[in-house]
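Source file: my_file-v8.txt; contents: compact mmCIF, C-alpha atoms.
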```
# COMPACT_ATOMS: atom_id res chain seq x y z
CA MET V 1 90.98 145.37 -38.96
CA ARG V 2 88.20 143.34 -40.62
CA LYS V 3 90.24 143.04 -43.81
CA VAL V 4 93.14 141.48 -41.89
CA ARG V 5 90.85 138.92 -40.22
CA ALA V 6 89.18 138.10 -43.51
CA ASP V 7 92.58 137.56 -45.11
CA GLU V 8 93.70 135.35 -42.19
CA TYR V 9 90.53 133.29 -42.50
CA ALA V 10 90.90 132.93 -46.28
CA GLU V 11 94.51 131.79 -45.89
CA PHE V 12 93.51 129.26 -43.20
CA ALA V 13 90.56 127.96 -45.23
CA VAL V 14 92.68 127.42 -48.35
CA ALA V 15 95.37 125.63 -46.35
CA ARG V 16 92.99 123.32 -44.43
CA ALA V 17 90.20 122.65 -46.95
CA GLY V 18 91.94 119.66 -48.55
CA TYR V 19 92.65 117.99 -45.24
CA LEU V 20 89.10 118.64 -44.02
CA TYR V 21 87.75 117.17 -47.26
CA ARG V 22 89.82 113.98 -46.91
CA SER V 23 88.65 113.53 -43.33
CA ALA V 24 85.05 114.21 -44.36
CA CYS V 25 85.30 111.60 -47.14
CA LEU V 26 86.36 109.04 -44.57
CA LEU V 27 83.65 110.06 -42.14
CA THR V 28 81.00 109.78 -44.85
CA ALA V 29 82.48 106.51 -46.14
CA GLY V 30 83.19 107.86 -49.60
CA ASP V 31 80.13 110.06 -50.14
CA THR V 32 82.01 112.90 -51.81
CA TYR V 33 78.96 115.12 -52.18
CA LEU V 34 78.11 114.94 -48.49
CA ALA V 35 81.80 115.43 -47.67
CA GLU V 36 81.81 118.67 -49.68
CA ASP V 37 78.67 119.83 -47.87
CA LEU V 38 80.20 119.05 -44.47
CA VAL V 39 83.39 120.94 -45.32
CA GLN V 40 81.38 123.94 -46.52
CA GLU V 41 79.29 123.94 -43.35
CA THR V 42 82.42 123.60 -41.22
CA LEU V 43 84.16 126.47 -42.98
CA GLY V 44 81.02 128.58 -42.62
CA ARG V 45 80.91 127.96 -38.88
CA LEU V 46 84.59 128.79 -38.59
CA TYR V 47 84.09 132.04 -40.51
CA VAL V 48 81.31 133.16 -38.18
CA ASN V 49 83.51 132.51 -35.13
CA TRP V 50 86.89 133.35 -36.68
CA GLY V 51 87.77 135.93 -34.03
CA ARG V 52 87.62 133.24 -31.32
CA VAL V 53 89.00 130.45 -33.51
CA SER V 54 92.05 132.43 -34.61
CA ARG V 55 93.02 132.96 -30.97
CA ALA V 56 92.80 129.23 -30.18
CA ASN V 57 96.00 127.29 -29.56
CA ASN V 58 95.27 124.91 -32.44
CA PRO V 59 92.86 126.30 -35.07
CA ALA V 60 93.39 123.20 -37.27
CA GLY V 61 92.33 120.92 -34.42
CA TYR V 62 89.39 123.19 -33.74
CA ALA V 63 88.36 122.85 -37.39
CA GLN V 64 88.57 119.04 -37.22
CA THR V 65 86.41 119.06 -34.10
CA VAL V 66 83.82 121.25 -35.82
CA LEU V 67 83.86 118.89 -38.83
CA THR V 68 83.33 115.83 -36.64
CA ARG V 69 80.50 117.42 -34.70
CA THR V 70 78.91 118.65 -37.93
CA PHE V 71 79.05 115.09 -39.32
CA LEU V 72 77.51 113.58 -36.17
CA ALA V 73 74.78 116.24 -36.10
CA HIS V 74 74.02 115.52 -39.76
CA GLN V 75 73.71 111.81 -39.03
CA ARG V 76 71.25 112.49 -36.21
CA ARG V 77 69.00 114.73 -38.29
CA ARG V 78 69.18 112.84 -41.58
CA SER V 79 65.77 112.55 -43.17
CA SER V 80 64.19 109.13 -43.29
CA THR V 81 63.51 109.67 -47.00
CA GLU V 82 67.20 109.62 -47.85
CA ARG V 83 68.57 106.29 -48.95
CA ALA V 84 72.24 105.45 -48.88
CA THR V 85 73.60 103.43 -51.78
CA ASP V 86 76.57 101.14 -52.04
CA VAL V 87 77.67 102.70 -55.33
CA LEU V 88 80.36 105.35 -55.21
CA PRO V 89 79.50 108.39 -57.35
CA GLU V 90 82.86 108.61 -59.08
CA VAL V 91 85.49 106.15 -60.19
CA PRO V 92 88.75 106.74 -58.32
CA VAL V 93 91.82 107.54 -60.35
CA PRO V 94 94.65 105.11 -59.57
CA SER V 95 97.48 106.87 -57.81
CA ALA V 96 101.10 105.94 -57.92
CA GLY V 97 101.99 104.11 -54.72
CA GLY V 98 98.47 103.28 -53.53
CA ASP V 99 96.53 100.04 -53.67
CA VAL V 100 93.14 101.16 -54.97
CA THR V 101 91.41 97.84 -54.31
CA MET V 102 92.50 97.80 -50.68
CA ARG V 103 91.53 101.44 -50.23
CA LEU V 104 88.04 100.81 -51.63
CA THR V 105 87.67 97.73 -49.45
CA LEU V 106 88.56 99.75 -46.36
CA VAL V 107 86.17 102.56 -47.32
CA GLU V 108 83.37 100.03 -47.88
CA ALA V 109 84.07 98.48 -44.48
CA LEU V 110 84.01 101.93 -42.88
CA ALA V 111 80.66 102.60 -44.57
CA GLN V 112 79.16 99.62 -42.76
CA LEU V 113 80.07 100.99 -39.33
CA PRO V 114 77.62 103.16 -37.40
CA PRO V 115 78.45 106.90 -37.66
CA LYS V 116 79.91 107.24 -34.15
CA ASP V 117 82.10 104.15 -34.61
CA ARG V 118 83.26 105.51 -37.96
CA ALA V 119 84.06 108.86 -36.35
CA VAL V 120 86.11 107.17 -33.60
CA VAL V 121 88.10 105.13 -36.13
CA VAL V 122 88.78 108.17 -38.32
CA LEU V 123 89.78 110.41 -35.42
CA ARG V 124 91.91 107.83 -33.60
CA TYR V 125 93.61 106.06 -36.49
CA TRP V 126 93.41 108.35 -39.53
CA GLU V 127 94.02 111.63 -37.72
CA ASP V 128 96.14 109.93 -35.03
CA ARG V 129 94.41 111.73 -32.18
CA SER V 130 94.73 110.68 -28.55
CA ILE V 131 91.81 109.20 -26.66
CA GLU V 132 91.30 112.48 -24.81
CA GLU V 133 91.35 114.55 -28.01
CA THR V 134 88.88 112.16 -29.64
CA ALA V 135 86.62 112.33 -26.59
CA GLY V 136 86.71 116.12 -26.73
CA ALA V 137 85.91 116.21 -30.43
CA MET V 138 82.98 113.84 -30.03
CA ASN V 139 81.82 115.34 -26.73
CA VAL V 140 81.93 111.97 -24.90
CA SER V 141 84.02 110.48 -22.10
CA SER V 142 87.42 108.85 -22.59
CA ALA V 143 85.96 105.53 -21.44
CA ALA V 144 83.29 105.78 -24.14
CA VAL V 145 85.99 106.35 -26.78
CA ARG V 146 87.98 103.32 -25.58
CA THR V 147 84.90 101.12 -25.60
CA ARG V 148 83.78 102.35 -29.00
CA CYS V 149 87.31 101.82 -30.43
CA VAL V 150 87.40 98.20 -29.28
CA ARG V 151 83.96 97.46 -30.70
CA ALA V 152 84.57 99.35 -33.97
CA LEU V 153 87.87 97.58 -34.60
CA ALA V 154 86.26 94.21 -33.86
CA ARG V 155 83.54 94.99 -36.42
CA LEU V 156 86.15 96.06 -38.96
CA ARG V 157 88.11 92.84 -38.44
CA ALA V 158 84.94 90.81 -38.99
CA LEU V 159 84.05 92.81 -42.11
CA LEU V 160 87.53 92.68 -43.61
CA GLY V 161 88.12 88.99 -43.07
CA GLU V 162 91.42 87.34 -42.23
CA GLU V 163 93.51 88.63 -45.14
CA LEU V 164 92.80 92.30 -44.40
CA GLY V 165 92.01 92.01 -40.69
CA GLU V 166 95.62 92.91 -39.86
CA TYR V 167 94.83 96.52 -40.83
CA ALA V 168 92.33 96.66 -37.96
CA ALA V 169 94.66 94.86 -35.54
CA ARG V 170 95.40 97.83 -33.31
```
How does the structure come out when it is put into structure tokens?
Amino acid sequence: MRKVRADEYAEFAVARAGYLYRSACLLTAGDTYLAEDLVQETLGRLYVNWGRVSRANNPAGYAQTVLTRTFLAHQRRRSSTERATDVLPEVPVPSAGGDVTMRLTLVEALAQLPPKDRAVVVLRYWEDRSIEETAGAMNVSSAAVRTRCVRALARLRALLGEELGEYAAR
């Protein structure tokens, strides 16, 4: 029985790791090393509770919620000796069909948002979650999500300027 559960978990982890990593990169505003750490911690928590998680209606959604809460917990406990930098650790490889300059500009703007605002933007507009789902993932009320969305988008519009402000027009 344990072998079957371990195989189910391994299959789930392989299938979801890439998506979790992309979400974590957005949450951390491009800090790929922290994103990897958050994904590892998330997968570890899922492994410990896999019996309960595998019975959930939406294990992928459960994983995203764990990732978001892990990110927010990390932001709360971050040591005062750590210093964030504005330099990305790796140079992105241009992809066919993507505007690298715009993508970097958006990631830089996300980096300037407070962690909870960044989490709301990523959950609502990157993951396309409803207000209620976002509230559940962040463990706040729906009204708090709506308020935070309005304020976060206003900050993004101000940071992006007029030419890119349309991307934060929602």
query = How many Å separate CA of Ala17 in chain V from CA of Thr65 in chain V?
reply = 13.9 Å
ask   = Hey, what's within 6 Å of range 18-31 of chain V if we count all atoms listed in the file and toss same-chain stuff fewer than 4 positions away? As a list in words, please?
value = Ala35, Val107, Leu110, Ala111 and Ala119 of chain V
inquiry  = Using only C-alpha atoms and a cutoff of 10 Å, can you tell me which residues are near (87.8, 121.3, -33.8) in the file's coordinates, and write them out as a PyMOL selection string?
reply    = chain V and resi 42+46+53+58-69+133+136-138
query = So which residues touch range 147-161 of chain V within 12 Å, counting only C-alpha atoms, skipping near sequence neighbours fewer than 2 positions away, as a ChimeraX atom specification?
reply = /V:102-125,130-131,134-135,138,140-145,163-170
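What separates CA of Ala13 in chain V from CA of Asp37 in chain V is a distance of 14.6 Å.
Interatomic distance, CA of Thr32 in chain V to CA of Phe71 in chain V: 13.0 Å.
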task = Could you give me, as a ChimeraX atom specification, the residues within 10 Å of Tyr9 in chain V, counting only C-alpha atoms and dropping anything in the same chain fewer than 2 positions from it?
result = /V:3-7,11-15,43,46-47,50-51,53-54
